[in-house]
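Here is target.txt, consisting of compact mmCIF, C-alpha atoms:
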# COMPACT_ATOMS: atom_id res chain seq x y z
CA MET V 28 1.32 -13.05 7.90
CA SER V 29 0.11 -11.88 11.31
CA VAL V 30 -2.78 -9.46 11.78
CA PHE V 31 -0.27 -7.00 13.24
CA LEU V 32 1.90 -6.98 10.11
CA ARG V 33 -1.04 -7.07 7.73
CA GLY V 34 -2.42 -4.00 9.48
CA TYR V 35 0.88 -2.19 8.89
CA LEU V 36 0.77 -2.95 5.17
CA LEU V 37 -2.85 -1.90 4.85
CA LEU V 38 -2.07 1.31 6.75
CA PHE V 39 0.69 2.10 4.26
CA TYR V 40 -1.42 1.16 1.24
CA ASN V 41 -4.40 3.26 2.36
CA LEU V 42 -2.14 6.24 2.98
CA CYS V 43 -0.67 5.93 -0.50
CA LYS V 44 -4.07 5.45 -2.13
CA ARG V 45 -5.66 8.34 -0.27
CA ASN V 46 -2.79 10.73 -0.82
CA LEU V 47 -2.09 9.86 -4.45
CA CYS V 48 -5.77 10.39 -5.27
CA LYS V 49 -6.01 13.75 -3.53
CA SER V 50 -2.45 14.84 -4.33
CA THR V 51 -2.23 16.46 -0.88
CA VAL V 52 0.85 14.77 0.44
CA LEU V 53 4.41 13.85 -0.39
CA ILE V 54 5.22 10.18 0.05
CA GLU V 55 8.90 9.53 0.70
CA ILE V 56 9.81 5.87 0.58
CA TYR V 57 12.83 4.20 -0.93
CA ILE V 58 11.41 1.22 -2.83
CA GLN V 59 12.37 0.34 -6.38
CA MET V 60 9.56 -1.78 -7.77
CA PHE V 61 8.23 -1.94 -11.32
CA ALA V 62 4.88 -2.89 -12.84
CA LYS V 63 6.26 -6.12 -14.32
CA GLU V 64 7.05 -7.30 -10.77
CA LEU V 65 3.41 -6.77 -9.77
CA MET V 66 2.06 -8.58 -12.83
CA ASP V 67 0.03 -11.78 -12.79
CA CYS V 68 0.29 -13.55 -16.15
CA HIS V 69 -2.49 -15.99 -15.28
CA ILE V 70 -5.30 -13.44 -15.20
CA PRO V 71 -7.65 -14.20 -18.12
CA PHE V 72 -8.33 -11.75 -20.93
CA LEU V 73 -10.91 -11.39 -23.71
CA TYR V 74 -10.38 -11.12 -27.42
CA GLU V 75 -12.12 -8.34 -29.30
CA GLY V 76 -15.47 -9.71 -30.45
CA SER V 77 -16.13 -11.76 -27.30
CA SER V 78 -19.64 -11.71 -25.94
CA GLY V 79 -20.75 -10.14 -22.68
CA LYS V 80 -21.71 -13.59 -21.41
CA GLU V 81 -18.15 -14.88 -21.92
CA ALA V 82 -16.85 -11.95 -19.90
CA ILE V 83 -19.27 -12.51 -17.02
CA VAL V 84 -18.40 -16.22 -16.84
CA LEU V 85 -14.68 -15.40 -16.55
CA MET V 86 -15.25 -12.64 -13.99
CA GLU V 87 -17.31 -14.92 -11.79
CA LYS V 88 -14.84 -17.79 -12.10
CA PHE V 89 -11.79 -15.68 -11.20
CA LYS V 90 -13.64 -13.26 -8.85
CA LEU V 91 -12.73 -10.16 -10.86
CA HIS V 92 -14.54 -6.90 -11.57
CA HIS V 93 -12.49 -6.07 -14.69
CA LEU V 94 -11.07 -7.92 -17.70
CA PRO V 95 -8.61 -6.76 -20.37
CA VAL V 96 -9.75 -6.90 -24.00
CA VAL V 97 -7.10 -7.48 -26.69
CA GLU V 98 -6.98 -7.69 -30.48
CA LYS V 99 -6.10 -10.92 -32.31
CA ASP V 100 -2.39 -10.08 -32.18
CA LYS V 101 -2.75 -9.45 -28.39
CA LYS V 102 -2.46 -5.69 -28.70
CA TYR V 103 -4.21 -4.14 -25.74
CA LYS V 104 -7.58 -2.58 -26.56
CA CYS V 105 -9.45 -1.68 -23.35
CA LEU V 106 -10.48 -2.76 -19.85
CA ILE V 107 -14.13 -3.73 -19.40
CA SER V 108 -15.89 -3.70 -16.03
CA ASP V 109 -18.79 -5.71 -14.64
CA LYS V 110 -20.81 -2.47 -14.46
CA GLU V 111 -20.45 -1.96 -18.21
CA LEU V 112 -21.48 -5.56 -18.82
CA SER V 113 -24.58 -5.19 -16.66
CA ALA V 114 -25.59 -2.18 -18.77
CA MET V 115 -25.68 -4.25 -21.99
CA GLU V 116 -29.17 -4.77 -23.40
CA ASN V 117 -28.35 -8.32 -24.50
CA ILE V 118 -25.58 -10.13 -22.64
CA ASN V 119 -25.06 -12.44 -25.62
CA ASP V 120 -24.08 -9.52 -27.87
CA ARG V 121 -20.45 -8.77 -28.69
CA ILE V 122 -18.72 -6.29 -26.42
CA GLN V 123 -18.51 -2.83 -27.98
CA VAL V 124 -15.02 -1.58 -27.09
CA ASN V 125 -15.06 1.87 -28.71
CA ASP V 126 -16.37 3.82 -25.72
CA ILE V 127 -14.65 1.82 -22.96
CA ARG V 128 -11.72 3.35 -21.11
CA CYS V 129 -8.29 1.79 -21.50
CA PRO V 130 -6.06 2.42 -18.45
CA PHE V 131 -2.69 0.68 -18.53
CA VAL V 132 0.95 0.91 -17.48
CA TYR V 133 4.13 -0.14 -19.22
CA GLU V 134 6.30 -2.96 -17.85
CA ASN V 135 8.87 -0.51 -16.48
CA SER V 136 6.37 1.89 -14.93
CA SER V 137 6.97 2.56 -11.24
CA TRP V 138 4.87 1.06 -8.47
CA THR V 139 3.58 4.55 -7.61
CA GLU V 140 2.07 4.89 -11.09
CA VAL V 141 0.44 1.46 -10.73
CA LEU V 142 -1.04 2.49 -7.40
CA ASP V 143 -2.11 5.92 -8.63
CA ILE V 144 -4.04 4.61 -11.67
CA THR V 145 -5.52 1.69 -9.73
CA ALA V 146 -6.83 4.02 -7.04
CA GLN V 147 -7.96 6.73 -9.46
CA PHE V 148 -10.16 4.36 -11.48
CA LYS V 149 -10.96 1.96 -8.59
CA LEU V 150 -9.65 -1.05 -10.51
CA SER V 151 -9.37 -4.66 -9.41
CA ILE V 152 -6.59 -5.22 -11.97
CA LEU V 153 -4.44 -2.95 -14.16
CA PRO V 154 -3.20 -4.14 -17.59
CA VAL V 155 0.55 -4.10 -18.18
CA ILE V 156 1.76 -3.74 -21.76
CA ALA V 157 5.07 -3.77 -23.63
CA GLU V 158 6.35 -0.81 -25.66
CA ASN V 159 4.69 -2.24 -28.78
CA ASN V 160 1.31 -2.27 -26.96
CA ILE V 161 1.28 -6.07 -26.63
CA TYR V 162 -0.60 -7.16 -23.51
CA GLN V 163 1.70 -8.87 -20.99
CA GLY V 164 -0.47 -9.44 -17.93
CA SER V 165 -2.21 -7.46 -15.20
CA ALA V 166 -0.95 -5.88 -11.99
CA THR V 167 -2.99 -6.72 -8.90
CA LEU V 168 -3.26 -5.23 -5.43
CA GLU V 169 -2.67 -8.66 -3.92
CA LEU V 170 0.76 -8.92 -5.56
CA PHE V 171 1.49 -5.34 -4.56
CA ILE V 172 0.88 -6.15 -0.89
CA GLN V 173 2.98 -9.34 -1.14
CA LYS V 174 5.91 -7.46 -2.70
CA LEU V 175 5.52 -4.63 -0.21
CA ALA V 176 5.74 -7.14 2.63
CA GLU V 177 9.03 -8.45 1.22
CA VAL V 178 10.74 -5.07 0.82
CA MET V 179 9.46 -3.52 4.07
CA GLY V 180 10.75 -6.22 6.39
CA THR V 181 7.36 -7.15 7.77
CA GLY V 182 8.45 -10.74 8.21
CA GLU V 183 10.52 -9.67 11.21
CA GLU V 184 8.97 -9.07 14.60
CA GLY V 185 8.91 -5.53 15.88
CA SER V 186 6.92 -2.41 16.64
CA ILE V 187 5.58 0.56 14.70
CA ILE V 188 6.11 4.13 15.88
CA ILE V 189 4.44 7.14 14.27
CA LEU V 190 6.13 10.50 14.88
CA GLU V 191 5.06 14.03 14.01
CA THR V 192 7.51 16.88 13.39
CA LYS V 193 7.80 20.23 11.70
CA PRO V 194 9.55 19.87 8.32
CA GLU V 195 12.50 21.96 9.51
CA ASP V 196 12.98 19.62 12.51
CA TYR V 197 12.99 16.42 10.45
CA SER V 198 16.34 14.67 10.58
CA LEU V 199 16.82 11.06 9.53
CA SER V 200 20.22 10.89 11.20
CA ALA V 201 18.80 12.15 14.52
CA ILE V 202 15.93 9.64 14.39
CA SER V 203 18.33 6.80 13.59
CA ALA V 204 20.63 7.85 16.44
CA ILE V 205 17.82 7.62 19.01
CA ILE V 206 16.82 4.17 17.78
CA GLU V 207 20.39 2.85 17.59
CA ALA V 208 21.14 4.24 21.06
CA ASN V 209 18.55 1.77 22.32
CA LYS V 210 20.23 -1.11 20.46
CA ALA V 211 17.51 -1.33 17.83
CA LYS V 212 17.42 -0.78 14.08
CA ILE V 213 14.97 0.52 11.51
CA LEU V 214 13.40 -2.20 9.39
CA SER V 215 11.43 0.20 7.20
CA MET V 216 10.42 3.83 7.16
CA PHE V 217 8.26 6.22 5.19
CA THR V 218 7.17 9.82 5.67
CA THR V 219 4.24 11.95 4.60
CA TYR V 220 3.81 15.70 4.54
CA GLU V 221 0.33 16.94 5.39
CA LYS V 222 -0.36 20.30 3.75
CA GLU V 223 -3.24 21.09 6.11
CA THR V 224 -1.14 20.79 9.27
CA ARG V 225 2.21 21.59 7.58
CA ARG V 226 3.84 18.77 9.50
CA ASN V 227 5.65 15.56 8.65
CA GLU V 228 4.35 12.19 9.79
CA ILE V 229 7.09 9.58 10.09
CA TYR V 230 6.19 5.88 10.14
CA LEU V 231 8.88 3.62 11.57
CA LYS V 232 9.04 -0.16 11.78
CA ILE V 233 11.73 -1.20 14.26
CA ASN V 234 13.05 -4.61 15.27
CA ARG V 235 12.14 -4.26 18.96
CA GLN V 236 8.81 -5.52 20.28
CA ASP V 237 9.12 -3.34 23.37
CA ALA V 238 9.48 0.21 22.04
CA SER V 239 8.90 2.03 25.34
CA ALA V 240 12.57 3.07 25.81
CA ILE V 241 12.75 4.36 22.24
CA ILE V 242 9.52 6.33 22.69
CA GLN V 243 10.97 7.93 25.81
CA GLY V 244 14.07 8.81 23.81
CA PHE V 245 11.98 10.56 21.17
CA GLU V 246 9.99 12.44 23.80
CA ARG V 247 13.19 13.65 25.47
CA GLN V 248 14.24 15.10 22.11
CA ASN V 249 10.85 16.88 21.79
CA TYR V 250 9.44 14.63 19.07
CA THR V 251 5.67 14.21 19.14
CA VAL V 252 4.88 10.50 19.30
CA ARG V 253 1.49 10.18 17.63
CA THR V 254 1.05 6.51 18.48
CA CYS V 255 2.87 3.22 18.80
CA PHE V 256 1.78 -0.28 17.80
CA MET V 257 3.32 -3.16 19.69
CA PRO V 258 2.29 -6.83 19.83
CA HIS V 259 -0.58 -7.18 22.32
CA ALA V 260 1.35 -9.44 24.69
CA VAL V 261 4.18 -6.89 24.96
CA SER V 262 1.77 -3.96 25.36
CA ASP V 263 -0.13 -5.78 28.10
CA THR V 264 3.11 -6.55 29.96
CA ILE V 265 4.28 -2.93 29.78
CA LEU V 266 0.91 -1.66 30.97
CA GLN V 267 0.87 -4.13 33.87
CA ASN V 268 4.41 -3.11 34.88
CA ARG V 269 3.40 0.55 34.92
CA ILE V 270 0.33 -0.22 37.01
CA ASP V 271 2.50 -2.19 39.47
CA GLU V 272 4.96 0.71 39.67
CA PHE V 273 2.12 3.15 40.31
CA PHE V 274 0.66 1.07 43.17
CA HIS V 275 4.16 0.57 44.58
CA TYR V 276 4.55 4.35 44.61
CA LEU V 277 1.22 4.77 46.43
CA ASN V 278 2.28 2.29 49.11
CA ILE V 279 5.49 4.12 49.90
Take the structure in this file and express it as structure tokens.
Amino acid sequence: MSVFLRGYLLLFYNLCKRNLCKSTVLIEIYIQMFAKELMDCHIPFLYEGSSGKEAIVLMEKFKLHHLPVVEKDKKYKCLISDKELSAMENINDRIQVNDIRCPFVYENSSWTEVLDITAQFKLSILPVIAENNIYQGSATLELFIQKLAEVMGTGEEGSIIILETKPEDYSLSAISAIIEANKAKILSMFTTYEKETRRNEIYLKINRQDASAIIQGFERQNYTVRTCFMPHAVSDTILQNRIDEFFHYLNI
């Protein structure tokens, strides 16, 4: 995945994480994704009665900051962190699970709930359980980003445009018409509503590397174009063309 596309995904993820934590924004995005699709079944877990040393060895081996703890029948018990392990007086003692928090999601929980809990508790993994509380695996941010890349069309080349509008001026059909009029299409789109400014921010991924004509179309329709991200080679070419046009104008 290119740096350009990875940056788009991280932009989206950070917006979600920030806004879900603060509850200051409405995220509108049409993705149907469940916790079981973000689950890694190969992440290790501890049985109740394991020692702190066993936990540390597994965390270091798999580069994790958290590990699920389950009972003998694999019923989920809690999620222990490296900070809690470092607070143990004797690392060879058994882990005391009574006072440890136990965040989790069910297999059919939505991706927004996974993201919300992960961000709220600053987790490296989030246990996923069945309806009978049996541990199934753990959701990870890495899998979330991979799945997000699949559903948001980041594998296709294109540009990112960020618009700003008043809520009453927001029209998906009008935005689509401007893009389609320039023989382009929307690969993915999401919007946020900022309570402080009382304005919508609209994030568009389109299948055109040169978005200059589309930007001009938005500006003609009185949309505020916050910014646009295009591949560096395309941006440099557009900038050079504008400089050439400017000097040509001066020479007339």
Kindly give the distance, in Å, that separates atom CA of Arg235 of chain V and atom CA of Thr251 of chain V, rounded to a single decimal. 19.6 Å
Counting all atoms listed in the file, figure out which residue out of V:Leu85, V:Met60, V:Ile189, V:Ile242 gets nearest to Ser108 of chain V.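 Among V:Leu85, V:Met60, V:Ile189, V:Ile242, it is V:Leu85 that comes nearest to Ser108 of chain V.
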Correct to one decimal, the distance atom CA of Asn125 of chain V-atom CA of Phe61 of chain V is 29.3 Å
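Residues within 12 Å of segment 113-115 of chain V, counting only C-alpha atoms and excluding same-chain residues fewer than 5 positions away, are Ser78, Gly79, Lys80, Ala82, Ile83, His92, Ile107, Ser108, Asp120, Arg121, Ile122 and Gln123 of chain V.
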Please identify all polymer residues within 12 Å of Tyr197 of chain V, counting all atoms listed in the file, omitting same-chain residues fewer than 6 positions from it, and present them as a VMD selection string. chain V and resid 190 to 191 203 218 to 220 226 to 229 248 to 251
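The shortest atom-to-atom distance to Ile233 of chain V, with only C-alpha atoms taken into account, belongs to V:Asn209 out of V:Ser137, V:Thr167, V:Asn119, V:Asn209.
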